[in-house]
$ cat protein_16.txt   # compact mmCIF, C-alpha atoms
# COMPACT_ATOMS: atom_id res chain seq x y z
CA GLU A 1 -72.50 -76.99 -72.64
CA ALA A 2 -70.93 -74.55 -75.06
CA LEU A 3 -74.31 -73.69 -76.57
CA GLU A 4 -75.66 -72.56 -73.22
CA VAL A 5 -72.70 -70.23 -72.77
CA ILE A 6 -73.38 -68.80 -76.24
CA ARG A 7 -77.08 -68.38 -75.42
CA GLU A 8 -76.19 -66.43 -72.28
CA LYS A 9 -73.71 -64.26 -74.14
CA SER A 10 -76.34 -63.57 -76.79
CA LYS A 11 -78.79 -62.41 -74.11
CA ASP A 12 -76.16 -60.26 -72.38
CA THR A 13 -75.20 -58.47 -75.60
CA GLY A 14 -78.69 -58.28 -77.09
CA SER A 15 -77.54 -60.24 -80.12
CA ARG A 16 -79.81 -62.42 -82.23
CA LEU A 17 -78.96 -66.09 -82.13
CA PHE A 18 -79.73 -68.62 -84.87
CA VAL A 19 -79.20 -72.23 -83.84
CA PHE A 20 -78.71 -75.08 -86.29
CA GLY A 21 -81.39 -77.72 -85.80
CA GLU A 22 -83.76 -75.20 -84.19
CA ASP A 23 -83.96 -72.07 -86.34
CA PHE A 24 -82.71 -73.60 -89.59
CA LEU A 25 -82.42 -77.17 -90.77
CA CYS A 26 -80.51 -79.48 -93.07
CA THR A 27 -82.76 -82.25 -94.42
CA ASP A 28 -83.15 -84.73 -97.28
CA ARG A 29 -79.47 -85.64 -97.24
CA ASN A 30 -78.08 -87.87 -99.95
CA SER A 31 -74.59 -89.14 -100.72
CA PRO A 32 -73.97 -89.42 -104.48
CA GLU A 33 -70.64 -90.83 -105.65
CA GLU A 34 -69.07 -87.38 -105.55
CA GLY A 35 -69.95 -85.08 -102.66
CA GLU A 36 -73.18 -84.69 -100.72
CA SER A 37 -76.58 -83.08 -101.33
CA PHE A 38 -79.20 -81.67 -98.96
CA THR A 39 -82.15 -79.32 -98.55
CA PHE A 40 -81.78 -76.14 -96.50
CA ARG A 41 -84.84 -74.91 -94.58
CA TYR A 42 -85.27 -71.57 -92.83
CA GLN A 43 -88.71 -70.15 -92.04
CA GLU A 44 -90.54 -70.25 -95.40
CA MET A 45 -87.34 -70.69 -97.40
CA TYR A 46 -86.54 -74.05 -98.98
CA LEU A 47 -83.36 -74.48 -101.01
CA GLU A 48 -83.60 -77.99 -102.40
CA ASP A 49 -80.87 -80.26 -103.76
CA LEU A 50 -77.94 -78.12 -102.68
CA LYS A 51 -74.68 -79.86 -103.60
CA ILE A 52 -71.24 -79.81 -102.06
CA SER A 53 -68.10 -81.44 -103.42
CA MET A 54 -66.78 -82.55 -100.01
CA ILE A 55 -67.90 -85.90 -98.61
CA GLY A 56 -69.17 -86.53 -95.11
CA ARG A 57 -72.61 -85.74 -93.73
CA HIS A 58 -71.06 -83.43 -91.15
CA GLN A 59 -70.02 -81.26 -94.09
CA THR A 60 -73.67 -80.69 -94.98
CA ASN A 61 -74.11 -79.23 -91.48
CA ASN A 62 -71.19 -76.90 -92.13
CA ALA A 63 -72.69 -75.98 -95.50
CA ALA A 64 -76.04 -75.17 -93.89
CA LEU A 65 -74.24 -72.80 -91.51
CA ALA A 66 -72.62 -71.10 -94.50
CA VAL A 67 -76.00 -70.68 -96.21
CA MET A 68 -77.50 -69.22 -93.04
CA THR A 69 -74.60 -66.79 -92.78
CA ALA A 70 -75.22 -65.63 -96.35
CA ILE A 71 -78.91 -65.08 -95.59
CA ARG A 72 -78.14 -63.01 -92.50
CA MET A 73 -75.53 -60.98 -94.41
CA ASN A 74 -78.25 -60.18 -96.94
CA GLU A 75 -80.87 -59.27 -94.37
CA ASP A 76 -78.70 -57.54 -91.78
CA HIS A 77 -75.93 -55.94 -93.80
CA GLY A 78 -77.39 -55.28 -97.24
CA PHE A 79 -75.49 -57.92 -99.18
CA ASN A 80 -77.03 -59.40 -102.31
CA ILE A 81 -76.00 -63.05 -102.28
CA GLY A 82 -78.48 -64.88 -104.49
CA GLU A 83 -79.40 -68.54 -104.74
CA LYS A 84 -77.17 -69.00 -107.79
CA GLN A 85 -74.15 -67.66 -105.91
CA ILE A 86 -74.96 -69.86 -102.91
CA ARG A 87 -75.18 -72.98 -105.07
CA THR A 88 -71.97 -72.12 -106.94
CA GLY A 89 -70.09 -71.32 -103.75
CA LEU A 90 -71.11 -74.56 -102.04
CA LYS A 91 -70.18 -76.64 -105.07
CA GLN A 92 -66.78 -75.00 -105.46
CA ALA A 93 -65.78 -75.14 -101.78
CA HIS A 94 -62.94 -77.56 -101.02
CA TRP A 95 -61.00 -78.42 -97.89
CA LYS A 96 -57.64 -79.99 -98.62
CA GLY A 97 -56.83 -82.98 -96.47
CA ARG A 98 -60.32 -83.45 -95.05
CA LEU A 99 -61.96 -86.55 -96.49
CA GLU A 100 -60.18 -85.70 -99.71
CA THR A 101 -60.45 -88.36 -102.41
CA MET A 102 -57.07 -88.72 -104.07
CA SER A 103 -58.06 -91.50 -106.48
CA ALA A 104 -60.90 -93.89 -107.30
CA HIS A 105 -60.84 -97.61 -108.17
CA PRO A 106 -59.09 -98.21 -105.89
CA THR A 107 -60.27 -95.42 -103.64
CA VAL A 108 -57.64 -93.52 -101.68
CA ILE A 109 -58.79 -90.94 -99.12
CA VAL A 110 -56.70 -88.53 -97.03
CA ASP A 111 -58.27 -87.12 -93.88
CA GLY A 112 -56.61 -85.08 -91.15
CA SER A 113 -58.76 -86.42 -88.33
CA HIS A 114 -56.61 -85.52 -85.34
CA ASN A 115 -59.12 -85.92 -82.50
CA GLU A 116 -61.93 -88.22 -81.37
CA GLU A 117 -64.71 -86.14 -82.92
CA GLY A 118 -62.93 -86.01 -86.28
CA VAL A 119 -62.32 -89.76 -86.30
CA LYS A 120 -65.97 -90.41 -85.48
CA ALA A 121 -67.02 -88.36 -88.51
CA LEU A 122 -64.47 -90.18 -90.67
CA VAL A 123 -65.57 -93.64 -89.55
CA ASP A 124 -69.24 -92.77 -90.05
CA THR A 125 -68.53 -91.60 -93.59
CA ILE A 126 -66.37 -94.60 -94.52
CA GLU A 127 -68.85 -97.14 -93.14
CA ARG A 128 -71.77 -95.47 -94.88
CA ARG A 129 -70.07 -95.02 -98.25
CA PHE A 130 -68.06 -98.26 -98.42
CA PRO A 131 -70.04 -100.88 -96.50
CA GLU A 132 -68.82 -103.82 -98.58
CA SER A 133 -65.26 -102.73 -99.29
CA ARG A 134 -62.08 -103.96 -97.59
CA ARG A 135 -60.84 -100.94 -95.63
CA ILE A 136 -57.18 -100.32 -94.88
CA PHE A 137 -56.13 -97.44 -92.63
CA VAL A 138 -52.71 -95.80 -92.37
CA LEU A 139 -52.65 -94.00 -89.02
CA ALA A 140 -50.22 -91.57 -87.37
CA THR A 141 -50.97 -89.15 -84.53
CA LEU A 142 -49.51 -86.89 -81.87
CA ALA A 143 -48.66 -88.18 -78.40
CA ASP A 144 -50.95 -85.74 -76.59
CA LYS A 145 -54.13 -86.94 -78.31
CA GLU A 146 -56.74 -89.40 -76.98
CA ASN A 147 -55.04 -92.16 -78.91
CA ASP A 148 -56.75 -95.06 -77.17
CA LYS A 149 -60.17 -93.74 -78.21
CA MET A 150 -59.03 -92.84 -81.71
CA VAL A 151 -57.49 -96.27 -82.33
CA SER A 152 -60.63 -97.95 -80.99
CA LEU A 153 -62.78 -95.99 -83.44
CA VAL A 154 -60.49 -96.82 -86.37
CA GLU A 155 -60.54 -100.49 -85.35
CA SER A 156 -64.32 -100.52 -85.59
CA ALA A 157 -64.15 -99.68 -89.31
CA ALA A 158 -60.83 -101.21 -90.37
CA ASP A 159 -60.00 -104.57 -91.88
CA ARG A 160 -56.34 -103.70 -91.47
CA ILE A 161 -54.37 -100.87 -89.83
CA ILE A 162 -50.84 -99.77 -90.68
CA PHE A 163 -49.41 -97.75 -87.79
CA THR A 164 -46.76 -95.22 -88.69
CA GLU A 165 -45.21 -91.96 -87.48
CA PHE A 166 -43.84 -88.67 -88.78
CA GLU A 167 -41.07 -86.24 -87.93
CA ALA A 168 -42.45 -83.96 -85.20
CA GLU A 169 -41.51 -83.34 -81.59
CA ARG A 170 -45.01 -84.24 -80.34
CA ALA A 171 -45.50 -87.29 -82.57
CA ILE A 172 -46.20 -90.66 -80.99
CA THR A 173 -44.12 -93.60 -82.20
CA ALA A 174 -45.77 -96.16 -84.41
CA GLU A 175 -44.97 -98.88 -81.87
CA LYS A 176 -46.60 -96.98 -79.03
CA LEU A 177 -49.65 -96.14 -81.15
CA ALA A 178 -50.04 -99.81 -82.08
CA SER A 179 -50.09 -100.74 -78.39
CA PHE A 180 -53.61 -99.31 -78.14
CA THR A 181 -55.05 -101.82 -80.61
CA ASN A 182 -56.96 -104.85 -79.41
CA THR A 183 -58.62 -106.61 -82.30
CA ALA A 184 -57.50 -105.33 -85.68
CA GLU A 185 -55.11 -106.94 -88.10
CA TYR A 186 -52.20 -104.52 -88.08
CA LYS A 187 -48.62 -103.79 -89.05
CA VAL A 188 -46.09 -101.31 -87.68
CA ILE A 189 -44.05 -99.35 -90.24
CA PRO A 190 -42.35 -96.29 -88.68
CA ASP A 191 -41.44 -94.69 -92.03
CA TRP A 192 -44.67 -93.03 -93.18
CA ARG A 193 -43.61 -93.13 -96.83
CA LYS A 194 -43.13 -96.89 -96.68
CA ALA A 195 -46.38 -97.23 -94.73
CA VAL A 196 -48.33 -95.50 -97.49
CA GLU A 197 -46.52 -97.60 -100.12
CA GLU A 198 -47.48 -100.74 -98.18
CA GLY A 199 -51.09 -99.66 -98.09
CA LEU A 200 -51.21 -98.80 -101.78
CA GLY A 201 -49.47 -102.03 -102.74
CA SER A 202 -52.02 -104.15 -100.90
CA LEU A 203 -55.09 -102.65 -102.57
CA SER A 204 -57.37 -104.43 -104.98
CA GLU A 205 -59.70 -102.54 -107.31
CA GLU A 206 -62.59 -102.47 -104.81
CA ASP A 207 -60.57 -101.76 -101.65
CA VAL A 208 -60.35 -98.44 -99.85
CA LEU A 209 -57.19 -96.92 -98.37
CA ILE A 210 -57.65 -94.21 -95.76
CA VAL A 211 -54.59 -92.20 -94.69
CA THR A 212 -55.53 -90.39 -91.50
CA GLY A 213 -54.47 -88.89 -88.20
CA SER A 214 -52.41 -85.78 -87.53
CA LEU A 215 -51.23 -84.52 -90.89

$ encode --input "protein_16.txt" --output "structure tokens"
Amino acid sequence: EALEVIREKSKDTGSRLFVFGEDFLCTDRNSPEEGESFTFRYQEMYLEDLKISMIGRHQTNNAALAVMTAIRMNEDHGFNIGEKQIRTGLKQAHWKGRLETMSAHPTVIVDGSHNEEGVKALVDTIERRFPESRRIFVLATLADKENDKMVSLVESAADRIIFTEFEAERAITAEKLASFTNTAEYKVIPDWRKAVEEGLGSLSEEDVLIVTGSL
């Protein structure tokens, strides 16, 4: 595993290693309507109700890593990053195109999930946040991705999939991408602009449109 390689490198170089889930923790996670919240724990330090604007529980893990980095910068390099700065920085951090909410009621989300791990995080977030909503996905990817696994994951969360494509040498055609589906209600629209229009036009107030894949 990658972590074992990092552990060995840490030993070889005499570097201190701080591992998420072992040396510092992210607990008490909640998902309010906008963003996520969590508690950061390190030794005797508890930073409760930290808030981030990005959605997705995996983003709280990333935020915990950022907090730990700030703490080590303070202790090892003489920085003076206080709790107020940490809270402000986490709240103001944004990542365009990653579980980005473009509108609400109906909800439209754009997420550049271009591999299996990213799609898993997307599906987990969508299923947890919108368990009762009708979920429509617009999907386009590259030909060299694990498209069978990605489509299968999207199928597990989708009520409908619109397969599309974009102008790139490595892009997979919408028709070929659709060939990986087994169970979902789907439509093939090669023009991505028309695919998005189709998705938007089919939404009711409580539906969710997720535009995802290789952006």

$ atom_distance --input "protein_16.txt" --atom1 "atom CA of Ala157 of chain A" --atom2 "atom CA of Val123 of chain A"
6.2 Å

$ residues_around --input "protein_16.txt" --residues "Glu198 of chain A" --least-positions-apart "4" --cutoff "12 Å" --atoms "all atoms listed in the file" --output "ChimeraX atom specification"
/A:136-138,160-164,186-194,202-203,209,211

$ closest_residue --input "protein_16.txt" --among "A:Arg41, A:Glu33, A:Gly97, A:Ala70" --to "Glu83 of chain A" --atoms "all atoms listed in the file"
A:Ala70

$ closest_residue --input "protein_16.txt" --among "A:Val67, A:Ile210, A:Val154, A:Gln59" --to "Ala195 of chain A" --atoms "all atoms listed in the file"
A:Ile210

$ atom_distance --input "protein_16.txt" --atom1 "atom CA of Gly35 of chain A" --atom2 "atom CA of Lys51 of chain A"
7.1 Å

$ residues_around --input "protein_16.txt" --residues "Arg29 of chain A" --least-positions-apart "5" --cutoff "12 Å" --atoms "all atoms listed in the file" --output "VMD selection string"
chain A and resid 35 to 40 48 to 52 55 to 61 63 to 64

$ closest_residue --input "protein_16.txt" --among "A:Arg98, A:Arg135, A:Arg129, A:Arg16" --to "Pro32 of chain A" --atoms "all atoms listed in the file"
A:Arg129

$ closest_residue --input "protein_16.txt" --among "A:Ser214, A:Asn147, A:Thr173, A:Ser103" --to "Glu116 of chain A" --atoms "all atoms listed in the file"
A:Asn147

$ atom_distance --input "protein_16.txt" --atom1 "atom CA of Ser133 of chain A" --atom2 "atom CA of Lys176 of chain A"
28.1 Å

$ decode --input "protein_16.txt" --residues "segment 119-142 of chain A" --atoms "N, CA and C atoms" --output "PDB file, in the first residue's frame"
ATOM      1  N   VAL A 119     -16.012   8.961  -8.447  1.00  0.00           N
ATOM      2  CA  VAL A 119     -17.436   8.646  -8.640  1.00  0.00           C
ATOM      3  C   VAL A 119     -18.019   8.025  -7.383  1.00  0.00           C
ATOM      4  N   LYS A 120     -17.244   7.204  -6.690  1.00  0.00           N
ATOM      5  CA  LYS A 120     -17.723   6.631  -5.424  1.00  0.00           C
ATOM      6  C   LYS A 120     -18.046   7.737  -4.428  1.00  0.00           C
ATOM      7  N   ALA A 121     -17.165   8.720  -4.310  1.00  0.00           N
ATOM      8  CA  ALA A 121     -17.402   9.837  -3.392  1.00  0.00           C
ATOM      9  C   ALA A 121     -18.628  10.633  -3.814  1.00  0.00           C
ATOM     10  N   LEU A 122     -18.788  10.838  -5.112  1.00  0.00           N
ATOM     11  CA  LEU A 122     -19.955  11.555  -5.628  1.00  0.00           C
ATOM     12  C   LEU A 122     -21.239  10.819  -5.296  1.00  0.00           C
ATOM     13  N   VAL A 123     -21.283   9.531  -5.613  1.00  0.00           N
ATOM     14  CA  VAL A 123     -22.489   8.735  -5.383  1.00  0.00           C
ATOM     15  C   VAL A 123     -22.843   8.701  -3.900  1.00  0.00           C
ATOM     16  N   ASP A 124     -21.834   8.525  -3.054  1.00  0.00           N
ATOM     17  CA  ASP A 124     -22.077   8.521  -1.603  1.00  0.00           C
ATOM     18  C   ASP A 124     -22.717   9.831  -1.159  1.00  0.00           C
ATOM     19  N   THR A 125     -22.205  10.941  -1.666  1.00  0.00           N
ATOM     20  CA  THR A 125     -22.728  12.250  -1.280  1.00  0.00           C
ATOM     21  C   THR A 125     -24.149  12.445  -1.785  1.00  0.00           C
ATOM     22  N   ILE A 126     -24.398  12.096  -3.031  1.00  0.00           N
ATOM     23  CA  ILE A 126     -25.733  12.282  -3.621  1.00  0.00           C
ATOM     24  C   ILE A 126     -26.765  11.425  -2.902  1.00  0.00           C
ATOM     25  N   GLU A 127     -26.430  10.162  -2.632  1.00  0.00           N
ATOM     26  CA  GLU A 127     -27.386   9.271  -1.965  1.00  0.00           C
ATOM     27  C   GLU A 127     -27.668   9.713  -0.535  1.00  0.00           C
ATOM     28  N   ARG A 128     -26.650  10.258   0.128  1.00  0.00           N
ATOM     29  CA  ARG A 128     -26.834  10.681   1.512  1.00  0.00           C
ATOM     30  C   ARG A 128     -27.620  11.986   1.598  1.00  0.00           C
ATOM     31  N   ARG A 129     -27.372  12.896   0.664  1.00  0.00           N
ATOM     32  CA  ARG A 129     -28.006  14.213   0.727  1.00  0.00           C
ATOM     33  C   ARG A 129     -29.385  14.256   0.068  1.00  0.00           C
ATOM     34  N   PHE A 130     -29.608  13.404  -0.922  1.00  0.00           N
ATOM     35  CA  PHE A 130     -30.865  13.461  -1.677  1.00  0.00           C
ATOM     36  C   PHE A 130     -31.500  12.076  -1.777  1.00  0.00           C
ATOM     37  N   PRO A 131     -31.810  11.474  -0.619  1.00  0.00           N
ATOM     38  CA  PRO A 131     -32.307  10.088  -0.639  1.00  0.00           C
ATOM     39  C   PRO A 131     -33.679   9.927  -1.289  1.00  0.00           C
ATOM     40  N   GLU A 132     -34.489  10.969  -1.271  1.00  0.00           N
ATOM     41  CA  GLU A 132     -35.851  10.864  -1.792  1.00  0.00           C
ATOM     42  C   GLU A 132     -36.027  11.544  -3.143  1.00  0.00           C
ATOM     43  N   SER A 133     -35.005  12.191  -3.630  1.00  0.00           N
ATOM     44  CA  SER A 133     -35.126  12.958  -4.873  1.00  0.00           C
ATOM     45  C   SER A 133     -34.939  12.067  -6.098  1.00  0.00           C
ATOM     46  N   ARG A 134     -35.563  12.470  -7.207  1.00  0.00           N
ATOM     47  CA  ARG A 134     -35.291  11.853  -8.510  1.00  0.00           C
ATOM     48  C   ARG A 134     -33.958  12.411  -8.996  1.00  0.00           C
ATOM     49  N   ARG A 135     -33.036  11.491  -9.376  1.00  0.00           N
ATOM     50  CA  ARG A 135     -31.669  11.899  -9.675  1.00  0.00           C
ATOM     51  C   ARG A 135     -31.329  11.611 -11.136  1.00  0.00           C
ATOM     52  N   ILE A 136     -30.982  12.670 -11.847  1.00  0.00           N
ATOM     53  CA  ILE A 136     -30.654  12.572 -13.263  1.00  0.00           C
ATOM     54  C   ILE A 136     -29.179  12.918 -13.436  1.00  0.00           C
ATOM     55  N   PHE A 137     -28.450  12.048 -14.099  1.00  0.00           N
ATOM     56  CA  PHE A 137     -27.020  12.264 -14.333  1.00  0.00           C
ATOM     57  C   PHE A 137     -26.767  12.551 -15.814  1.00  0.00           C
ATOM     58  N   VAL A 138     -25.913  13.532 -16.077  1.00  0.00           N
ATOM     59  CA  VAL A 138     -25.349  13.742 -17.413  1.00  0.00           C
ATOM     60  C   VAL A 138     -23.891  13.327 -17.315  1.00  0.00           C
ATOM     61  N   LEU A 139     -23.484  12.344 -18.131  1.00  0.00           N
ATOM     62  CA  LEU A 139     -22.164  11.736 -17.966  1.00  0.00           C
ATOM     63  C   LEU A 139     -21.368  11.736 -19.264  1.00  0.00           C
ATOM     64  N   ALA A 140     -20.117  12.194 -19.181  1.00  0.00           N
ATOM     65  CA  ALA A 140     -19.170  12.118 -20.293  1.00  0.00           C
ATOM     66  C   ALA A 140     -17.790  11.832 -19.718  1.00  0.00           C
ATOM     67  N   THR A 141     -17.018  10.965 -20.372  1.00  0.00           N
ATOM     68  CA  THR A 141     -15.709  10.594 -19.838  1.00  0.00           C
ATOM     69  C   THR A 141     -14.684  10.452 -20.961  1.00  0.00           C
ATOM     70  N   LEU A 142     -13.474  10.079 -20.558  1.00  0.00           N
ATOM     71  CA  LEU A 142     -12.404   9.775 -21.499  1.00  0.00           C
ATOM     72  C   LEU A 142     -12.361   8.269 -21.760  1.00  0.00           C
TER      73      LEU A 142
END
